[in-house]
$ cat upload_27.cif   # mmCIF, C-alpha atoms (C1' of nucleotides)
data_my_file
#
loop_
_atom_site.label_atom_id
_atom_site.label_comp_id
_atom_site.auth_asym_id
_atom_site.auth_seq_id
_atom_site.Cartn_x
_atom_site.Cartn_y
_atom_site.Cartn_z
CA MET A 1 79.94 101.96 -96.88
CA ALA A 2 80.69 103.87 -93.81
CA SER A 3 82.47 101.62 -91.44
CA THR A 4 81.46 102.35 -87.94
CA ARG A 5 84.38 102.90 -85.73
CA ASN A 6 82.15 102.81 -82.70
CA GLY A 7 80.01 100.10 -81.25
CA ALA A 8 77.00 100.05 -83.58
CA THR A 9 76.31 97.26 -85.98
CA PRO A 10 76.02 98.27 -89.61
CA GLN A 11 72.44 97.19 -89.67
CA ALA A 12 71.42 99.30 -86.73
CA GLU A 13 73.26 102.10 -88.37
CA LEU A 14 71.28 101.74 -91.56
CA ASP A 15 68.03 101.50 -89.74
CA LEU A 16 68.77 104.64 -87.89
CA ALA A 17 69.73 106.41 -91.05
CA ASP A 18 66.44 105.28 -92.45
CA GLU A 19 64.49 106.72 -89.61
CA LEU A 20 66.52 109.85 -89.58
CA GLY A 21 65.98 110.24 -93.26
CA TYR A 22 62.30 110.20 -92.64
CA GLN A 23 62.54 112.88 -90.01
CA LEU A 24 64.59 114.94 -92.35
CA VAL A 25 62.05 114.94 -95.11
CA ARG A 26 59.30 115.62 -92.71
CA PHE A 27 61.26 118.43 -91.31
CA VAL A 28 62.01 120.07 -94.60
CA ARG A 29 58.41 119.90 -95.63
CA LEU A 30 57.27 121.42 -92.40
CA LEU A 31 59.70 124.25 -92.58
CA HIS A 32 58.75 124.95 -96.12
CA LYS A 33 55.14 125.09 -95.25
CA ALA A 34 55.70 127.26 -92.25
CA LYS A 35 57.87 129.54 -94.24
CA SER A 36 55.46 130.16 -97.03
CA GLN A 37 52.62 130.59 -94.64
CA VAL A 38 53.92 133.53 -92.70
CA ALA A 39 56.63 134.83 -94.83
CA LYS A 40 54.52 134.64 -97.92
CA GLN A 41 56.60 137.26 -99.48
CA GLY A 42 57.69 140.49 -98.10
CA PRO A 43 54.85 142.92 -97.67
CA ASP A 44 56.88 145.16 -99.88
CA GLY A 45 57.52 142.43 -102.34
CA ILE A 46 60.74 141.33 -100.78
CA GLU A 47 61.32 137.75 -101.56
CA ARG A 48 61.26 135.42 -98.72
CA ALA A 49 64.39 133.75 -99.97
CA ALA A 50 66.31 136.97 -99.81
CA TYR A 51 66.18 137.05 -96.07
CA ALA A 52 68.86 134.46 -95.81
CA ILE A 53 71.18 136.98 -97.39
CA LEU A 54 70.25 139.59 -94.89
CA PHE A 55 70.99 137.11 -92.21
CA SER A 56 74.44 136.35 -93.50
CA LEU A 57 75.25 139.97 -93.96
CA ILE A 58 74.37 140.76 -90.41
CA HIS A 59 75.73 137.58 -88.98
CA ASP A 60 79.07 137.69 -90.74
CA GLY A 61 79.37 141.27 -91.86
CA PRO A 62 79.58 142.78 -95.37
CA GLN A 63 80.49 140.29 -97.99
CA ARG A 64 80.88 139.80 -101.66
CA THR A 65 78.26 138.15 -103.76
CA SER A 66 80.45 135.17 -104.36
CA LYS A 67 81.15 134.65 -100.70
CA LEU A 68 77.48 134.79 -99.93
CA ALA A 69 76.74 132.26 -102.59
CA GLU A 70 79.27 129.92 -101.17
CA GLY A 71 78.05 130.29 -97.64
CA LEU A 72 74.43 129.83 -98.60
CA HIS A 73 75.09 127.02 -101.02
CA SER A 74 73.43 128.90 -103.82
CA GLU A 75 74.38 130.12 -107.23
CA ILE A 76 75.95 133.49 -107.64
CA SER A 77 73.19 134.42 -110.00
CA THR A 78 70.60 133.66 -107.41
CA ILE A 79 72.33 135.76 -104.83
CA SER A 80 72.75 138.55 -107.29
CA ARG A 81 69.08 138.61 -108.06
CA GLN A 82 68.00 138.50 -104.49
CA SER A 83 70.51 141.10 -103.51
CA SER A 84 69.15 143.41 -106.13
CA SER A 85 65.77 143.09 -104.62
CA LEU A 86 67.09 143.82 -101.18
CA VAL A 87 68.95 146.81 -102.49
CA GLN A 88 65.85 148.12 -104.18
CA HIS A 89 64.03 147.91 -100.92
CA GLY A 90 66.76 149.67 -99.11
CA LEU A 91 67.64 146.80 -96.86
CA VAL A 92 71.02 146.21 -98.34
CA GLU A 93 73.63 148.48 -99.73
CA ARG A 94 75.97 147.81 -102.58
CA GLN A 95 79.34 149.36 -102.04
CA ALA A 96 82.04 148.85 -104.59
CA ASP A 97 84.91 146.98 -103.14
CA PRO A 98 87.86 149.38 -102.96
CA GLU A 99 90.24 146.53 -103.56
CA ASP A 100 88.52 145.24 -106.62
CA GLY A 101 86.41 147.26 -108.95
CA ARG A 102 84.51 144.24 -110.15
CA ALA A 103 83.46 143.07 -106.77
CA CYS A 104 80.42 144.30 -104.92
CA LEU A 105 80.57 144.48 -101.21
CA LEU A 106 77.09 143.97 -99.90
CA ALA A 107 76.18 145.29 -96.51
CA ALA A 108 73.00 145.52 -94.54
CA THR A 109 71.66 149.00 -94.08
CA ALA A 110 70.30 150.27 -90.81
CA GLU A 111 66.83 149.67 -92.13
CA GLY A 112 67.87 146.22 -93.16
CA GLU A 113 69.02 145.48 -89.68
CA ARG A 114 65.84 146.80 -88.26
CA VAL A 115 63.67 144.70 -90.50
CA PHE A 116 65.77 141.69 -89.89
CA GLU A 117 65.71 142.19 -86.17
CA GLU A 118 61.99 142.29 -86.28
CA ASN A 119 61.78 139.12 -88.26
CA ARG A 120 64.25 137.43 -86.09
CA LYS A 121 62.21 138.33 -83.11
CA GLN A 122 59.22 136.71 -84.69
CA ARG A 123 61.07 133.62 -85.62
CA ASN A 124 62.56 133.30 -82.22
CA LEU A 125 59.22 133.70 -80.64
CA TRP A 126 57.88 130.98 -82.77
CA LEU A 127 60.80 128.72 -82.14
CA ALA A 128 60.82 129.46 -78.47
CA GLY A 129 57.16 128.60 -78.51
CA VAL A 130 57.78 125.29 -80.13
CA LEU A 131 60.62 124.59 -77.77
CA ALA A 132 59.01 125.97 -74.69
CA GLU A 133 58.37 122.59 -73.20
CA TRP A 134 61.84 121.36 -73.87
CA PRO A 135 64.41 121.08 -71.18
CA GLU A 136 67.19 123.52 -71.69
CA GLU A 137 69.62 120.73 -72.17
CA ASP A 138 67.74 119.14 -75.04
CA ARG A 139 67.48 122.35 -76.89
CA HIS A 140 71.16 122.83 -76.59
CA THR A 141 71.81 119.30 -77.70
CA LEU A 142 69.62 119.60 -80.74
CA ASN A 143 71.42 122.71 -81.74
CA THR A 144 74.80 121.10 -81.36
CA LEU A 145 73.86 117.97 -83.21
CA LEU A 146 72.27 119.87 -86.03
CA ASP A 147 75.35 121.94 -86.39
CA ARG A 148 77.46 118.87 -86.52
CA LEU A 149 75.16 117.26 -89.01
CA ASN A 150 75.33 120.27 -91.24
CA THR A 151 79.07 120.34 -91.14
CA GLY A 152 79.12 116.67 -91.83
CA ILE A 153 76.97 117.08 -94.88
CA GLU A 154 79.05 119.92 -96.15
CA GLU A 155 82.16 117.85 -95.91
CA HIS A 156 80.45 114.89 -97.42
CA SER A 157 79.10 116.85 -100.35
CA PRO A 158 80.36 114.85 -103.33
CA GLN A 159 78.02 111.92 -102.88
CA ILE A 160 74.47 112.53 -101.91
CA ALA A 161 70.96 111.24 -101.93
CA ASP A 162 68.53 112.93 -99.68
CA ASP A 163 65.21 111.42 -99.08
CA HIS A 164 63.78 109.69 -102.06
CA SER A 165 66.16 110.12 -104.83
CA PRO A 166 65.23 108.54 -108.09
CA VAL A 167 66.76 105.46 -109.50
CA GLN A 168 65.87 103.57 -112.58
CA ALA A 169 62.34 102.47 -113.04
CA LYS A 170 62.48 100.00 -115.81
CA GLY A 171 58.74 99.80 -116.34
CA ALA A 172 57.03 101.92 -118.93
CA MET B 1 56.88 134.98 -75.18
CA ALA B 2 57.18 131.38 -74.37
CA SER B 3 57.57 131.09 -70.67
CA THR B 4 60.16 128.59 -69.77
CA ARG B 5 59.02 126.18 -67.21
CA ASN B 6 62.52 124.91 -66.79
CA GLY B 7 65.72 126.54 -65.63
CA ALA B 8 66.75 128.65 -68.61
CA THR B 9 66.56 132.40 -68.67
CA PRO B 10 64.45 133.86 -71.42
CA GLN B 11 67.49 135.47 -72.93
CA ALA B 12 69.41 132.26 -73.19
CA GLU B 13 66.34 130.75 -74.67
CA LEU B 14 66.14 133.39 -77.34
CA ASP B 15 69.80 133.14 -78.16
CA LEU B 16 69.47 129.46 -78.55
CA ALA B 17 66.45 129.81 -80.76
CA ASP B 18 68.44 132.25 -82.77
CA GLU B 19 71.27 129.87 -83.24
CA LEU B 20 68.96 127.01 -83.92
CA GLY B 21 67.18 129.04 -86.52
CA TYR B 22 70.45 129.52 -88.26
CA GLN B 23 71.17 125.82 -88.28
CA LEU B 24 67.76 125.21 -89.68
CA VAL B 25 68.22 127.40 -92.70
CA ARG B 26 71.62 126.04 -93.29
CA PHE B 27 70.21 122.61 -93.09
CA VAL B 28 67.37 123.16 -95.49
CA ARG B 29 69.66 124.71 -98.03
CA LEU B 30 72.09 121.87 -97.78
CA LEU B 31 69.49 119.23 -98.22
CA HIS B 32 68.01 121.03 -101.14
CA LYS B 33 71.36 121.20 -102.80
CA ALA B 34 72.13 117.60 -102.12
CA LYS B 35 68.76 116.58 -103.40
CA SER B 36 68.96 118.33 -106.69
CA GLN B 37 72.45 117.11 -107.21
CA VAL B 38 71.78 113.42 -107.19
CA ALA B 39 68.12 113.18 -107.64
CA LYS B 40 68.10 115.58 -110.50
CA GLN B 41 64.94 114.12 -111.79
CA GLY B 42 64.08 110.59 -112.39
CA PRO B 43 65.92 109.04 -115.27
CA ASP B 44 62.53 108.29 -116.66
CA GLY B 45 61.25 111.71 -116.00
CA ILE B 46 59.88 110.93 -112.58
CA GLU B 47 59.79 114.02 -110.55
CA ARG B 48 61.97 114.10 -107.57
CA ALA B 49 59.18 115.55 -105.52
CA ALA B 50 56.95 112.61 -106.21
CA TYR B 51 59.11 110.31 -104.21
CA ALA B 52 57.70 111.57 -101.00
CA ILE B 53 54.40 110.12 -102.08
CA LEU B 54 55.95 106.79 -102.77
CA PHE B 55 57.44 106.93 -99.35
CA SER B 56 54.13 107.58 -97.65
CA LEU B 57 52.43 104.90 -99.63
CA ILE B 58 54.96 102.34 -98.60
CA HIS B 59 55.39 103.62 -95.10
CA ASP B 60 51.71 103.91 -94.29
CA GLY B 61 50.03 101.76 -96.88
CA PRO B 62 47.54 102.66 -99.63
CA GLN B 63 45.90 105.99 -99.12
CA ARG B 64 43.65 108.51 -100.68
CA THR B 65 44.92 111.59 -102.35
CA SER B 66 43.52 113.77 -99.68
CA LYS B 67 45.13 111.83 -96.91
CA LEU B 68 48.45 112.03 -98.63
CA ALA B 69 48.10 115.74 -99.03
CA GLU B 70 47.44 116.13 -95.38
CA GLY B 71 50.32 113.96 -94.34
CA LEU B 72 52.75 115.64 -96.66
CA HIS B 73 51.52 119.10 -95.92
CA SER B 74 50.80 119.73 -99.56
CA GLU B 75 47.86 120.70 -101.70
CA ILE B 76 45.62 118.03 -103.10
CA SER B 77 46.26 119.28 -106.56
CA THR B 78 49.96 118.87 -106.08
CA ILE B 79 49.57 115.33 -104.92
CA SER B 80 47.23 114.57 -107.75
CA ARG B 81 49.68 115.74 -110.32
CA GLN B 82 52.59 113.90 -108.84
CA SER B 83 50.55 110.78 -108.40
CA SER B 84 49.62 110.85 -112.04
CA SER B 85 53.24 110.90 -112.91
CA LEU B 86 53.97 107.99 -110.65
CA VAL B 87 51.08 106.08 -112.11
CA GLN B 88 52.29 106.73 -115.62
CA HIS B 89 55.63 105.33 -114.66
CA GLY B 90 54.09 102.31 -113.13
CA LEU B 91 55.33 102.96 -109.64
CA VAL B 92 51.93 103.62 -108.22
CA GLU B 93 48.54 102.15 -108.86
CA ARG B 94 45.22 103.89 -108.75
CA GLN B 95 42.48 101.70 -107.43
CA ALA B 96 39.01 103.08 -107.05
CA ASP B 97 37.93 103.11 -103.47
CA PRO B 98 35.08 100.60 -103.15
CA GLU B 99 33.51 102.73 -100.45
CA ASP B 100 33.51 105.90 -102.46
CA GLY B 101 33.43 106.16 -106.19
CA ARG B 102 35.03 109.56 -106.17
CA ALA B 103 37.98 108.59 -104.09
CA CYS B 104 41.17 107.11 -105.46
CA LEU B 105 43.10 104.69 -103.38
CA LEU B 106 46.71 105.01 -104.30
CA ALA B 107 49.04 102.14 -103.69
CA ALA B 108 52.64 101.45 -104.53
CA THR B 109 53.20 98.75 -107.11
CA ALA B 110 55.84 96.11 -106.79
CA GLU B 111 57.96 98.08 -109.16
CA GLY B 112 57.36 101.15 -107.08
CA GLU B 113 58.58 99.38 -104.02
CA ARG B 114 61.61 98.16 -105.81
CA VAL B 115 62.55 101.59 -107.04
CA PHE B 116 61.91 103.09 -103.69
CA GLU B 117 63.95 100.46 -101.93
CA GLU B 118 66.83 101.21 -104.15
CA ASN B 119 66.62 104.87 -103.49
CA ARG B 120 66.32 104.35 -99.84
CA LYS B 121 69.39 102.26 -99.88
CA GLN B 122 71.25 105.06 -101.51
CA ARG B 123 70.03 107.63 -99.12
CA ASN B 124 70.87 105.49 -96.18
CA LEU B 125 74.31 104.89 -97.45
CA TRP B 126 74.81 108.55 -97.79
CA LEU B 127 73.44 109.32 -94.41
CA ALA B 128 75.35 106.53 -92.80
CA GLY B 129 78.42 107.97 -94.42
CA VAL B 130 77.76 111.38 -92.99
CA LEU B 131 77.09 109.90 -89.60
CA ALA B 132 79.86 107.36 -89.67
CA GLU B 133 82.00 109.24 -87.22
CA TRP B 134 79.18 109.81 -84.81
CA PRO B 135 78.83 107.89 -81.64
CA GLU B 136 75.83 105.65 -81.76
CA GLU B 137 74.24 107.55 -78.95
CA ASP B 138 74.39 110.89 -80.67
CA ARG B 139 72.79 109.55 -83.78
CA HIS B 140 69.99 108.20 -81.77
CA THR B 141 69.59 111.43 -79.88
CA LEU B 142 69.46 113.51 -83.02
CA ASN B 143 66.79 111.29 -84.38
CA THR B 144 64.71 111.56 -81.26
CA LEU B 145 65.05 115.27 -80.95
CA LEU B 146 64.24 115.85 -84.57
CA ASP B 147 61.15 113.78 -84.22
CA ARG B 148 60.09 115.76 -81.24
CA LEU B 149 60.82 118.98 -82.99
CA ASN B 150 58.75 117.97 -85.97
CA THR B 151 55.84 117.02 -83.85
CA GLY B 152 56.18 120.26 -81.97
CA ILE B 153 56.06 122.24 -85.16
CA GLU B 154 53.06 120.35 -86.40
CA GLU B 155 51.19 121.10 -83.25
CA HIS B 156 52.30 124.64 -83.27
CA SER B 157 51.25 125.17 -86.87
CA PRO B 158 48.98 128.20 -86.61
CA GLN B 159 51.74 130.68 -85.98
CA ILE B 160 54.95 130.34 -87.81
CA ALA B 161 58.01 132.07 -89.04
CA ASP B 162 60.89 129.89 -89.79
CA ASP B 163 64.12 131.51 -90.55
CA HIS B 164 63.91 135.03 -91.84
CA SER B 165 60.36 135.87 -92.33
CA PRO B 166 59.55 139.27 -93.67
CA VAL B 167 58.08 142.10 -91.75
CA GLN B 168 57.41 145.60 -92.81
CA ALA B 169 60.19 147.56 -94.31
CA LYS B 170 58.96 151.07 -94.24
CA GLY B 171 61.70 152.49 -96.45
CA ALA B 172 61.20 152.81 -100.16
"C1'" DA C 1 96.19 143.45 -126.16
"C1'" DA C 2 94.85 138.97 -124.26
"C1'" DT C 3 93.15 136.28 -120.72
"C1'" DA C 4 91.00 135.61 -116.36
"C1'" DA C 5 87.77 136.79 -112.64
"C1'" DG C 6 83.38 139.04 -110.59
"C1'" DG C 7 78.61 139.89 -111.45
"C1'" DT C 8 74.29 140.62 -114.01
"C1'" DT C 9 70.63 139.22 -116.82
"C1'" DG C 10 67.85 136.20 -120.25
"C1'" DC C 11 65.92 131.79 -120.58
"C1'" DG C 12 64.30 127.35 -119.31
"C1'" DT C 13 62.93 124.06 -115.64
"C1'" DG C 14 60.88 122.24 -111.42
"C1'" DT C 15 57.48 122.72 -108.11
"C1'" DA C 16 53.63 124.57 -105.87
"C1'" DT C 17 49.19 127.24 -105.49
"C1'" DC C 18 44.66 129.00 -106.99
"C1'" DA C 19 40.71 128.47 -109.50
"C1'" DA C 20 37.60 126.37 -112.63
"C1'" DC C 21 35.74 122.04 -113.87
"C1'" DT C 22 34.09 117.02 -113.72
"C1'" DA C 23 32.32 113.13 -111.39
"C1'" DA C 24 30.12 110.82 -107.67
"C1'" DC C 25 27.76 110.78 -103.22
"C1'" DG C 26 23.75 111.89 -100.37
"C1'" DT C 27 19.60 114.24 -98.95
"C1'" DG C 28 15.05 115.72 -99.34
"C1'" DG C 29 10.87 116.50 -101.93
"C1'" DT C 30 7.46 114.63 -105.02
"C1'" DA D 1 11.41 104.90 -106.37
"C1'" DC D 2 13.13 109.10 -108.81
"C1'" DC D 3 15.10 113.48 -109.68
"C1'" DA D 4 17.17 117.99 -108.32
"C1'" DC D 5 20.24 120.10 -105.14
"C1'" DG D 6 24.23 120.99 -102.59
"C1'" DT D 7 28.59 118.72 -101.08
"C1'" DT D 8 32.83 116.34 -101.40
"C1'" DA D 9 36.92 114.06 -104.03
"C1'" DG D 10 39.95 114.74 -107.51
"C1'" DT D 11 41.75 116.48 -112.03
"C1'" DT D 12 43.46 119.93 -114.98
"C1'" DG D 13 44.77 124.72 -116.71
"C1'" DA D 14 46.87 129.04 -115.72
"C1'" DT D 15 50.15 131.30 -113.04
"C1'" DA D 16 53.93 132.50 -109.80
"C1'" DC D 17 58.17 131.90 -107.72
"C1'" DA D 18 62.80 130.36 -107.04
"C1'" DC D 19 66.79 128.22 -108.88
"C1'" DG D 20 70.43 126.96 -112.17
"C1'" DC D 21 72.82 127.37 -116.58
"C1'" DA D 22 74.84 130.02 -119.92
"C1'" DA D 23 75.80 134.10 -122.48
"C1'" DC D 24 77.33 138.75 -121.65
"C1'" DC D 25 79.55 142.97 -119.77
"C1'" DT D 26 82.99 145.00 -116.96
"C1'" DT D 27 87.25 145.39 -114.51
"C1'" DA D 28 91.96 143.15 -113.11
"C1'" DT D 29 96.01 141.12 -114.21
"C1'" DT D 30 99.98 139.86 -117.12
#
$ encode --input "upload_27.cif" --output "structure tokens"
Amino acid sequence: MASTRNGATPQAELDLADELGYQLVRFVRLLHKAKSQVAKQGPDGIERAAYAILFSLIHDGPQRTSKLAEGLHSEISTISRQSSSLVQHGLVERQADPEDGRACLLAATAEGERVFEENRKQRNLWLAGVLAEWPEEDRHTLNTLLDRLNTGIEEHSPQIADDHSPVQAKGA
Amino acid sequence: MASTRNGATPQAELDLADELGYQLVRFVRLLHKAKSQVAKQGPDGIERAAYAILFSLIHDGPQRTSKLAEGLHSEISTISRQSSSLVQHGLVERQADPEDGRACLLAATAEGERVFEENRKQRNLWLAGVLAEWPEEDRHTLNTLLDRLNTGIEEHSPQIADDHSPVQAKGA
DNA sequence: AATAAGGTTGCGTGTATCAACTAACGTGGT
DNA sequence: ACCACGTTAGTTGATACACGCAACCTTATT
């Protein structure tokens, strides 16, 4: 197991992981719930899930389907489907990559940016609301730690086990 | 918008929320991926999702379906279904509530605890691995902040909007 | 031409929600 | 006491959505 190269005892480390694991599950559930409650699904039928694509496109600029998939940790097929939806709704534009006829450069349209901006505003309002009572410093810290955690997970990918991963149950 | 009663400017606050929102999505996606990779689905057909129930049962003791649903932020029907599965696999026991013939007190069986323990061990190993390089203090801080965030979200439930919630797209 | 690489689409699975249904509790009237 | 009524707890069926795999088409590359 992970040898701690800092002061903690392995036991304390495990206990903390345990507690953290709990927070993680709780967190995921909460986000999911929150998501489906407001987002429901685009008033125009835009899938909630597709918004992550819009985000990436705006955040990192026009990209290929494959790059999006990688960045979002999804399947290319999933991205493709969601992109199609976004394109149909005029939020994203499919421009053939000049360097490669097979590739599709996806880019957010002006309307896409507008819609996204609006959503972002909402999200930020919500988040800011939740965090309103927090000291500036804590908010910053949470952000930093979460980032680090994410990176850590990404690098640690091979293994896994999230919250309550199955194991053998020998009984019937 | 949320008025900050601490030093930060509203703009900084929004930017931070923005960034945090990004980490959140990233995080959820990562966990989801990790989950489905290992967990797959119980070797015996136990649904991955059902493990959260097992967790609650062990963490908080025997409970009714409705209580579980509330705690897990799920529908009663969902819990019911998943519980049935757990019962079939002998990980959970359904004992009629003596105080109410309609109610079902769910409780983890010994086998259920065993299986859960094993899974927890795995998860903790994984998490500990991810966090191995972290200073003890940071791990603790993350845990605390996440807890606070979760609680904040729970209290803030009415509103919502997590990452990229839809809004009108007026275009076609 | 042959092979590889980029995407799209059909199909199946997992998971969750809504709605209809059953069973049990509790109240009030007779 | 007894029975009808509405209420509450939970189960089950139908349905929707999102994701992943795999087969397929198209364009590059050699």
$ residues_around --input "upload_27.cif" --residues "segment 10-15 of chain C" --least-positions-apart "6" --cutoff "10 Å" --atoms "only C-alpha atoms (C1' of nucleotides)" --output "list in words"
Lys40, Gln41, Glu47, Arg48, Ala49 and Thr78 of chain B; DC17, DA18, DC19, DG20, DC21, DA22, DA23 and DC24 of chain D
$ interface_residues --input "upload_27.cif" --of "chain A" --to "chain D" --cutoff "9 Å" --atoms "all atoms listed in the file" --output "PyMOL selection string"
chain A and resi 49+74-75+77-78+100-103
$ resolve_selection --input "upload_27.cif" --expression "the PyMOL selection byres ((chain A) within 12 of (chain C))" --output "PyMOL selection string"
chain A and resi 32-33+36-37+40+64-67+69+75-84+96-97+100-105
$ atom_distance --input "upload_27.cif" --atom1 "atom CA of Pro62 of chain A" --atom2 "atom CA of Val92 of chain A"
9.7 Å
$ residues_around --input "upload_27.cif" --residues "Gly152 of chain A" --least-positions-apart "4" --cutoff "12 Å" --atoms "all atoms listed in the file" --output "count of residues only"
20
$ decode --input "upload_27.cif" --residues "segment 73-103 of chain A" --atoms "C-alpha atoms" --output "JSON list (two decimals), in the first residue's frame"
[["chain", "number", "residue", "atom", "x", "y", "z"],
["A", 73, "HIS", "CA", -13.00, 10.82, -19.56],
["A", 74, "SER", "CA", -15.77, 9.62, -21.80],
["A", 75, "GLU", "CA", -16.09, 7.45, -24.83],
["A", 76, "ILE", "CA", -15.75, 8.95, -28.24],
["A", 77, "SER", "CA", -19.15, 7.62, -29.10],
["A", 78, "THR", "CA", -20.68, 9.42, -26.19],
["A", 79, "ILE", "CA", -19.09, 12.67, -27.17],
["A", 80, "SER", "CA", -20.14, 12.19, -30.73],
["A", 81, "ARG", "CA", -23.73, 11.72, -29.77],
["A", 82, "GLN", "CA", -23.82, 14.65, -27.45],
["A", 83, "SER", "CA", -22.05, 16.83, -29.92],
["A", 84, "SER", "CA", -24.63, 16.01, -32.51],
["A", 85, "SER", "CA", -27.29, 17.19, -30.19],
["A", 86, "LEU", "CA", -25.46, 20.40, -29.52],
["A", 87, "VAL", "CA", -24.96, 20.93, -33.21],
["A", 88, "GLN", "CA", -28.62, 20.38, -33.89],
["A", 89, "HIS", "CA", -29.44, 23.02, -31.37],
["A", 90, "GLY", "CA", -27.01, 25.41, -32.85],
["A", 91, "LEU", "CA", -24.79, 25.63, -29.84],
["A", 92, "VAL", "CA", -21.85, 23.95, -31.43],
["A", 93, "GLU", "CA", -20.47, 23.99, -34.89],
["A", 94, "ARG", "CA", -18.80, 21.17, -36.72],
["A", 95, "GLN", "CA", -16.02, 22.38, -38.93],
["A", 96, "ALA", "CA", -14.00, 19.89, -40.88],
["A", 97, "ASP", "CA", -10.44, 19.94, -39.79],
["A", 98, "PRO", "CA", -8.39, 21.33, -42.69],
["A", 99, "GLU", "CA", -5.49, 19.16, -41.71],
["A", 100, "ASP", "CA", -7.43, 15.97, -41.61],
["A", 101, "GLY", "CA", -10.55, 15.24, -43.54],
["A", 102, "ARG", "CA", -11.69, 12.62, -41.09],
["A", 103, "ALA", "CA", -11.48, 14.79, -38.07]]
